[in-house]
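To keep things clear, I will list the structure first and then write my remarks on it.
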Amino acid sequence: MSKRDYYEVLGIDRGAGEGEIKSAYRKLAMKYHPDRNPGDVEAERCFKEATEAYEILKDPSKRQQYDQFGHAGMGQGGFGGFGDGGFEQFDLGDALRAFMRDFGGGGGSVFDDLFGMGGGRSGQRRNRGEDLRIRIKLTLEEIAEGVEKTVKVKRLVTCDPCGGSGLAAGSSRKTCHQCKGAGQIRRVTRTFLGTVQQVTTCDICRGQGEIIAEPCKTCRGEGRVRGSNEVNIKVPAGVASGNYMTIENGGNVAPSNGESGDLICVFEEIEHEHLTRRADDVILEHPISFVTAALGGEVEVPTLQGKAVLKVPHGSQSGQVLRMKGKGIPHLQRNGRGDQLVKLIVWVPSKLNAHDKALLQELEKSDSFVPPASNKSFFQKLRESLGV
Ligand SMILES: [Zn+2]
Ligand SMILES: [Zn+2]
């Protein structure tokens, strides 16, 4: 199913500022939130769609990537088969989590009352490790073949001595004395506009509702410490810059034994020495002598699979493009692969000796060496050979 443009989803224009994005999303989220539309599948779809758009556009780097590459840049159209966390599978849980993160917490937002969250501890004691994002640089050759990469990822791992509980041996948890276990504090402030009720996360237990009597010395009660591990990533052939894979639970572990975050591996293409990628085709600009152009012949050209021989037909023009079938990048989600397009550039020598000059002057007398009158269709044909 094709996706709607994120700006269109939120009903904002492409230059919209952060505030506009947030308020547009807030309106839609309030309208379509599952709590207000129980059992309404269409509302749920709208809620997810709006949240996904918001998640991308509120993040400047994701937004830039989206502006530049559209949905393709977000990994869409690439990863159904092997990455579980692509935005294609952005599920209701992710959407609700994103919404609660930005609008559900303290701050006395209208949602506290709307969704009965005020002062309660329902659903928002978030105990999930942070997602981590790494870049994986790939050469065009690696992209063409697919590659397995082992990378070292620095992350927060479970603290060994306490097993992730954050407790010193023999210690236990007790209810937070400040919030009495709620994880939140309600404050009433008087302003000239009237009374404002504010709900904030408890700063003593940091929203957990419980505190540790005697914290583990190694992790200071966090339950996690700095560490790293090696991750093996199977990169399928045909990925592009901006595509990503999600490794579930590969991110930071959560404080006190919660759910780990995910590791998001974003692919980045390293520029090739000779070849330029265009979708799944690769383009090579290759100089040939005008003798080869006129008489035809064979030239050796670089390809993603090493050197290959290319037959140049006689009478080839400078700028003409020859297609080497199947020498491009494999398609990511279907069979087959792109081609290599070789744009011939007829090279004209700039240094000539007397003998060369004499030969050329002789050739110039021949009618065959008179170029045709300038006409558009001649150049049109050349452009068509490149497919532009
Ligand atoms: Zn507390
Ligand atoms: Zn510990």
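Each chain in the structure tokens gets a letter, A, B and so on, in the order shown; residues start at 1 in every chain, and ligands are counted from 1 in the order they appear.
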### Message
Distance limit 7 Å, reference ligand 2, atoms considered: only C-alpha atoms and all ligand atoms. Which residues make the cut? Give them as a PyMOL selection string.
### Response
chain A and resi 159-167+216-224
Write the residues of the preceding selection, restricted to C-alpha atoms, as an mmCIF file, in the first residue's frame.
```
data_model
loop_
_atom_site.group_PDB
_atom_site.id
_atom_site.type_symbol
_atom_site.label_atom_id
_atom_site.label_comp_id
_atom_site.auth_asym_id
_atom_site.auth_seq_id
_atom_site.Cartn_x
_atom_site.Cartn_y
_atom_site.Cartn_z
ATOM 1 C CA CYS A 159 24.870 -4.986 35.774
ATOM 2 C CA ASP A 160 26.417 -8.290 36.803
ATOM 3 C CA PRO A 161 26.676 -8.007 40.611
ATOM 4 C CA CYS A 162 22.990 -7.152 41.083
ATOM 5 C CA GLY A 163 21.663 -8.981 38.031
ATOM 6 C CA GLY A 164 19.976 -5.788 36.846
ATOM 7 C CA SER A 165 17.855 -5.202 39.933
ATOM 8 C CA GLY A 166 19.942 -2.239 41.133
ATOM 9 C CA LEU A 167 19.775 -3.594 44.669
ATOM 10 C CA CYS A 216 24.092 -1.740 44.201
ATOM 11 C CA LYS A 217 27.551 -0.171 44.343
ATOM 12 C CA THR A 218 28.559 -1.099 40.829
ATOM 13 C CA CYS A 219 25.616 0.478 38.992
ATOM 14 C CA ARG A 220 24.438 2.908 41.693
ATOM 15 C CA GLY A 221 20.971 1.407 41.517
ATOM 16 C CA GLU A 222 20.555 1.751 37.740
ATOM 17 C CA GLY A 223 20.748 -1.967 37.135
ATOM 18 C CA ARG A 224 22.873 -1.357 34.062
#
```
### Query
Neighbours of ligand 1 within 12 Å, counting only C-alpha atoms and all ligand atoms, as a PyMOL selection string?
chain A and resi 119+121+125+174-186+200-212
### Task
Would you kindly return, as a PyMOL selection string, each protein, DNA or RNA residue with an atom no farther than 8 Å from any atom of Val342 of chain A, considering only C-alpha atoms and excluding same-chain residues fewer than 6 positions away?
chain A and resi 283-286+321-324
### Message
List as a list in words the protein and nucleic acid residues near Glu384 of chain A, meaning an atom at most 12 Å away when only C-alpha atoms are counted, but skip any in the same chain fewer than 6 places from it.
### Response
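Neighbouring residues, sequence-local ones excluded: Gly319, Gln320, Val321, Leu322, Lys343, Ser377 and Phe378 of chain A.
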### Query
With only C-alpha atoms as the basis for distance, which of A:Ile134, A:Val299, A:Leu28, A:Leu352 is at the shortest distance from Thr246 of chain A?
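Between A:Ile134, A:Val299, A:Leu28, A:Leu352, the residue approaching Thr246 of chain A most closely is A:Ile134.
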### Task
Write out as a PyMOL selection string each polymer residue whose atoms come within 10 Å of Thr51 of chain A, counting only C-alpha atoms; drop sequence neighbours fewer than 2 positions from it.
chain A and resi 6+9-10+25-26+28-29+45-49+53-57+90+92+94-99
Could you list, as a PDB file with N, CA and C atoms, in the first residue's frame, every residue within 12 Å of segment 360-363 of chain A, counting only C-alpha atoms and ignoring same-chain residues fewer than 6 positions away?
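As a result, part_28.pdb now contains:
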```pdb
ATOM      1  N   PHE A 290      38.550   8.664 -30.656  1.00  0.00           N
ATOM      2  CA  PHE A 290      37.597   8.823 -31.751  1.00  0.00           C
ATOM      3  C   PHE A 290      37.787   7.788 -32.847  1.00  0.00           C
ATOM      4  N   VAL A 291      38.916   7.124 -32.826  1.00  0.00           N
ATOM      5  CA  VAL A 291      39.111   6.029 -33.778  1.00  0.00           C
ATOM      6  C   VAL A 291      38.181   4.873 -33.409  1.00  0.00           C
ATOM      7  N   PRO A 349      42.293  14.362 -28.574  1.00  0.00           N
ATOM      8  CA  PRO A 349      43.659  14.652 -28.103  1.00  0.00           C
ATOM      9  C   PRO A 349      43.972  16.146 -28.186  1.00  0.00           C
ATOM     10  N   LEU A 352      49.237  17.127 -30.491  1.00  0.00           N
ATOM     11  CA  LEU A 352      49.419  16.383 -31.740  1.00  0.00           C
ATOM     12  C   LEU A 352      50.799  16.668 -32.300  1.00  0.00           C
ATOM     13  N   ASN A 353      51.447  15.628 -32.831  1.00  0.00           N
ATOM     14  CA  ASN A 353      52.712  15.896 -33.506  1.00  0.00           C
ATOM     15  C   ASN A 353      52.440  16.193 -34.986  1.00  0.00           C
ATOM     16  N   ALA A 354      53.473  16.544 -35.709  1.00  0.00           N
ATOM     17  CA  ALA A 354      53.301  16.974 -37.106  1.00  0.00           C
ATOM     18  C   ALA A 354      52.663  15.882 -37.950  1.00  0.00           C
ATOM     19  N   PHE A 369      33.686  13.326 -42.916  1.00  0.00           N
ATOM     20  CA  PHE A 369      34.066  13.989 -41.677  1.00  0.00           C
ATOM     21  C   PHE A 369      33.330  15.301 -41.423  1.00  0.00           C
ATOM     22  N   VAL A 370      32.374  15.593 -42.279  1.00  0.00           N
ATOM     23  CA  VAL A 370      31.601  16.814 -42.074  1.00  0.00           C
ATOM     24  C   VAL A 370      30.418  16.485 -41.166  1.00  0.00           C
TER      25      VAL A 370
END
```
